[in-house]
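> Have a peek at target14.pdb (PDB, C-alpha atoms and all ligand atoms).
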ATOM      1  CA  MET Q 735     106.451  77.480  23.577
ATOM      2  CA  SER Q 736     109.389  76.054  25.479
ATOM      3  CA  PHE Q 737     112.490  74.896  23.670
ATOM      4  CA  LEU Q 738     113.611  71.529  25.063
ATOM      5  CA  ILE Q 739     116.604  69.369  24.199
ATOM      6  CA  ARG Q 740     117.062  65.737  25.218
ATOM      7  CA  CYS Q 741     120.568  65.169  26.587
ATOM      8  CA  PRO Q 742     121.488  61.507  25.839
ATOM      9  CA  ASN Q 743     122.719  61.263  29.436
ATOM     10  CA  CYS Q 744     120.261  63.377  31.485
ATOM     11  CA  GLY Q 745     117.047  63.425  29.451
ATOM     12  CA  GLU Q 746     114.879  66.343  28.378
ATOM     13  CA  ARG Q 747     115.930  69.777  29.715
ATOM     14  CA  SER Q 748     115.440  73.443  28.907
ATOM     15  CA  VAL Q 749     117.680  74.807  26.163
ATOM     16  CA  THR Q 750     119.033  77.330  28.702
ATOM     17  CA  GLU Q 751     121.062  74.470  30.256
ATOM     18  CA  PHE Q 752     122.952  73.943  27.013
ATOM     19  CA  ARG Q 753     125.549  75.663  24.884
ATOM     20  CA  PHE Q 754     125.203  75.559  21.104
ATOM     21  CA  GLY Q 755     128.385  74.260  19.482
ATOM     22  CA  GLY Q 756     127.616  74.895  15.822
ATOM     23  CA  GLU Q 757     126.901  72.720  12.826
ATOM     24  CA  THR Q 758     129.070  69.684  12.188
ATOM     25  CA  HIS Q 759     131.224  69.168   9.135
ATOM     26  CA  PRO Q 760     133.997  66.684   8.407
ATOM     27  CA  ARG Q 761     137.566  67.682   9.310
ATOM     28  CA  PRO Q 762     139.963  67.739   6.328
ATOM     29  CA  VAL Q 763     143.082  65.564   6.310
ATOM     30  CA  LEU Q 764     146.190  67.243   7.716
ATOM     31  CA  GLU Q 765     147.765  67.659   4.256
ATOM     32  CA  ALA Q 766     144.621  69.222   2.731
ATOM     33  CA  PRO Q 767     145.086  72.506   0.854
ATOM     34  CA  PHE Q 768     144.756  75.804   2.757
ATOM     35  CA  ARG Q 769     141.412  76.567   1.072
ATOM     36  CA  GLU Q 770     139.887  73.341   2.441
ATOM     37  CA  TRP Q 771     141.069  74.182   5.973
ATOM     38  CA  ALA Q 772     139.784  77.753   5.649
ATOM     39  CA  ASP Q 773     136.349  76.413   4.636
ATOM     40  CA  TYR Q 774     136.410  73.953   7.535
ATOM     41  CA  LEU Q 775     137.232  76.676  10.056
ATOM     42  CA  TYR Q 776     135.131  79.585   8.748
ATOM     43  CA  ALA Q 777     132.502  78.539   6.183
ATOM     44  CA  ARG Q 778     129.060  77.470   7.413
ATOM     45  CA  LYS Q 779     126.174  76.031   5.403
ATOM     46  CA  ASN Q 780     123.531  77.537   7.689
ATOM     47  CA  GLU Q 781     120.896  75.074   6.473
ATOM     48  CA  ALA Q 782     117.216  76.000   6.496
ATOM     49  CA  GLY Q 783     115.807  72.729   7.844
ATOM     50  CA  PRO Q 784     117.295  69.706   9.618
ATOM     51  CA  GLN Q 785     120.909  70.288  10.565
ATOM     52  CA  ARG Q 786     123.432  68.137  12.477
ATOM     53  CA  GLU Q 787     124.864  70.175  15.376
ATOM     54  CA  TRP Q 788     127.085  70.028  18.451
ATOM     55  CA  TRP Q 789     125.511  70.769  21.847
ATOM     56  CA  TYR Q 790     127.126  70.924  25.302
ATOM     57  CA  HIS Q 791     125.193  70.243  28.523
ATOM     58  CA  ARG Q 792     126.888  73.029  30.501
ATOM     59  CA  LEU Q 793     124.504  72.991  33.507
ATOM     60  CA  GLY Q 794     124.221  69.194  33.618
ATOM     61  CA  CYS Q 795     126.606  66.352  32.857
ATOM     62  CA  LYS Q 796     129.060  68.657  31.007
ATOM     63  CA  LYS Q 797     129.204  66.347  27.988
ATOM     64  CA  TRP Q 798     129.176  67.168  24.269
ATOM     65  CA  PHE Q 799     126.684  65.381  22.029
ATOM     66  CA  LEU Q 800     125.094  65.711  18.597
ATOM     67  CA  ALA Q 801     121.566  66.754  17.679
ATOM     68  CA  ILE Q 802     119.518  66.922  14.504
ATOM     69  CA  ARG Q 803     117.626  70.221  14.832
ATOM     70  CA  ASP Q 804     115.317  71.863  12.313
ATOM     71  CA  THR Q 805     116.674  75.408  12.110
ATOM     72  CA  THR Q 806     113.347  76.766  10.874
ATOM     73  CA  THR Q 807     111.263  75.429  13.811
ATOM     74  CA  ASN Q 808     113.873  74.688  16.540
ATOM     75  CA  GLU Q 809     112.388  71.180  16.746
ATOM     76  CA  VAL Q 810     115.063  68.701  17.849
ATOM     77  CA  HIS Q 811     114.459  65.417  16.000
ATOM     78  CA  GLU Q 812     117.082  63.322  17.785
ATOM     79  CA  THR Q 813     120.172  63.509  19.969
ATOM     80  CA  PHE Q 814     123.036  61.034  20.241
ATOM     81  CA  TRP Q 815     126.719  60.645  21.162
ATOM     82  CA  PHE Q 816     129.522  61.250  18.694
ATOM     83  CA  GLY Q 817     130.346  57.969  16.926
ATOM     84  CA  GLU Q 818     126.904  56.511  17.627
ATOM     85  CA  LYS Q 819     125.578  57.316  14.114
TER      86      LYS Q 819
HETATM   87 ZN    ZN S 901     123.449  65.900  30.328
END
Produce structure tokens that represent the structure in this file.
Ligand SMILES: [Zn+2]

Amino acid sequence: MSFLIRCPNCGERSVTEFRFGGETHPRPVLEAPFREWADYLYARKNEAGPQREWWYHRLGCKKWFLAIRDTTTNEVHETFWFGEK
């Protein structure tokens, strides 16, 4: 089974054209305690199921976008630009 991702700019392409950028999580405020920054930088939820992630179209338009991907099936439910949702 092929693993396809829909770039919001270029359309559906093979996953080999993309770079995985990791799960998203909100950035703490600048004055947040060290522990909060450490969690932001190093802790990951590693959800089993739908997860919001960064993807980069490295062999296409070279743009970053977001995807909701089910980590148990690799099914990509939707893709969109940052700030769109
Ligand atoms: Zn693209």
> Select the residues contacting ligand ZN 901 (chain S) at a distance of at most 12 Å, based on all atoms listed in the file, then format the selection as a list in words.
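For ligand ZN 901 (chain S), the residues inside 12 Å are Ile739, Arg740, Cys741, Pro742, Asn743, Cys744, Gly745, Glu746, Arg747, Ser748, Val749, Glu751, Phe752, Arg753, Trp789, Tyr790, His791, Arg792, Leu793, Gly794, Cys795, Lys796, Lys797, Trp798, Phe799, Leu800, Thr813, Phe814 and Trp815 of chain Q.
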> Suppose you want the space between atom CA of Glu809 of chain Q and atom CA of Ala777 of chain Q; what is it in Å?
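Straight-line distance from atom CA of Glu809 of chain Q to atom CA of Ala777 of chain Q works out to 23.9 Å.
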> Please determine, counting all atoms listed in the file, which residue among Q:Arg803, Q:Lys779, Q:His811, Q:Tyr774 has the shortest atom-to-atom distance to Pro762 of chain Q.
Q:Tyr774
> Need the neighbours of (123.6, 69.7, 8.5): which residues are at most 12 Å away, counting all atoms listed in the file, as a ChimeraX atom specification?
/Q:756-760,778-788,800-805
> Generate the output file for the selected residues, C-alpha atoms, as a tab-separated table (two decimals), keeping the file's coordinate frame.

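Written output follows (out-v4.tsv):
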chain	number	residue	atom	x	y	z
Q	756	GLY	CA	127.62	74.90	15.82
Q	757	GLU	CA	126.90	72.72	12.83
Q	758	THR	CA	129.07	69.68	12.19
Q	759	HIS	CA	131.22	69.17	9.14
Q	760	PRO	CA	134.00	66.68	8.41
Q	778	ARG	CA	129.06	77.47	7.41
Q	779	LYS	CA	126.17	76.03	5.40
Q	780	ASN	CA	123.53	77.54	7.69
Q	781	GLU	CA	120.90	75.07	6.47
Q	782	ALA	CA	117.22	76.00	6.50
Q	783	GLY	CA	115.81	72.73	7.84
Q	784	PRO	CA	117.30	69.71	9.62
Q	785	GLN	CA	120.91	70.29	10.56
Q	786	ARG	CA	123.43	68.14	12.48
Q	787	GLU	CA	124.86	70.18	15.38
Q	788	TRP	CA	127.08	70.03	18.45
Q	800	LEU	CA	125.09	65.71	18.60
Q	801	ALA	CA	121.57	66.75	17.68
Q	802	ILE	CA	119.52	66.92	14.50
Q	803	ARG	CA	117.63	70.22	14.83
Q	804	ASP	CA	115.32	71.86	12.31
Q	805	THR	CA	116.67	75.41	12.11
> Rounded to one decimal place, report the atom CA of Leu738 of chain Q-atom CA of Val810 of chain Q distance in Å.
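That distance, rounded to one decimal, is 7.9 Å.
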> Quick one, how far is atom CA of Lys819 of chain Q from atom CA of Ala772 of chain Q?
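Atom-to-atom, atom CA of Lys819 of chain Q to atom CA of Ala772 of chain Q, that is 26.3 Å.
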> Box time for segment 755-758 of chain Q: axis-aligned, enclosing all its listed atoms, 4 Å extra on each side; report centre and edge lengths in Å to one decimal, as JSON.

{"center_x": 128.0, "center_y": 72.3, "center_z": 15.8, "size_x": 10.2, "size_y": 13.2, "size_z": 15.3}
> Kindly output segment 771-790 of chain Q as a compact mmCIF listing (two decimals), in the frame of the given file, after building N, CA and C atoms.

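Saved file selection_9.txt follows:
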# COMPACT_ATOMS: atom_id res chain seq x y z
N TRP Q 771 141.01 73.90 4.54
CA TRP Q 771 141.07 74.18 5.97
C TRP Q 771 140.34 75.48 6.30
N ALA Q 772 140.48 76.48 5.43
CA ALA Q 772 139.78 77.75 5.65
C ALA Q 772 138.27 77.53 5.64
N ASP Q 773 137.79 76.72 4.69
CA ASP Q 773 136.35 76.41 4.64
C ASP Q 773 135.91 75.68 5.90
N TYR Q 774 136.74 74.73 6.34
CA TYR Q 774 136.41 73.95 7.54
C TYR Q 774 136.27 74.86 8.76
N LEU Q 775 137.20 75.82 8.87
CA LEU Q 775 137.23 76.68 10.06
C LEU Q 775 136.20 77.80 10.01
N TYR Q 776 135.92 78.35 8.81
CA TYR Q 776 135.13 79.58 8.75
C TYR Q 776 133.82 79.49 7.98
N ALA Q 777 133.71 78.58 7.01
CA ALA Q 777 132.50 78.54 6.18
C ALA Q 777 131.42 77.71 6.87
N ARG Q 778 130.19 78.20 6.84
CA ARG Q 778 129.06 77.47 7.41
C ARG Q 778 127.97 77.36 6.36
N LYS Q 779 127.26 76.21 6.37
CA LYS Q 779 126.17 76.03 5.40
C LYS Q 779 124.93 76.80 5.84
N ASN Q 780 124.70 76.85 7.14
CA ASN Q 780 123.53 77.54 7.69
C ASN Q 780 122.24 77.04 7.02
N GLU Q 781 122.04 75.72 7.11
CA GLU Q 781 120.90 75.07 6.47
C GLU Q 781 119.57 75.63 6.98
N ALA Q 782 118.59 75.73 6.09
CA ALA Q 782 117.22 76.00 6.50
C ALA Q 782 116.52 74.65 6.52
N GLY Q 783 116.38 74.06 7.70
CA GLY Q 783 115.81 72.73 7.84
C GLY Q 783 116.65 71.91 8.78
N PRO Q 784 116.55 70.56 8.70
CA PRO Q 784 117.30 69.71 9.62
C PRO Q 784 118.81 69.88 9.46
N GLN Q 785 119.47 70.07 10.57
CA GLN Q 785 120.91 70.29 10.56
C GLN Q 785 121.53 69.48 11.71
N ARG Q 786 122.70 68.90 11.45
CA ARG Q 786 123.43 68.14 12.48
C ARG Q 786 124.33 69.11 13.24
N GLU Q 787 124.18 69.15 14.58
CA GLU Q 787 124.86 70.18 15.38
C GLU Q 787 125.49 69.60 16.63
N TRP Q 788 126.48 70.32 17.15
CA TRP Q 788 127.08 70.03 18.45
C TRP Q 788 126.34 70.78 19.53
N TRP Q 789 126.08 70.13 20.67
CA TRP Q 789 125.51 70.77 21.85
C TRP Q 789 126.28 70.30 23.08
N TYR Q 790 126.39 71.20 24.06
CA TYR Q 790 127.13 70.92 25.30
C TYR Q 790 126.19 71.13 26.48
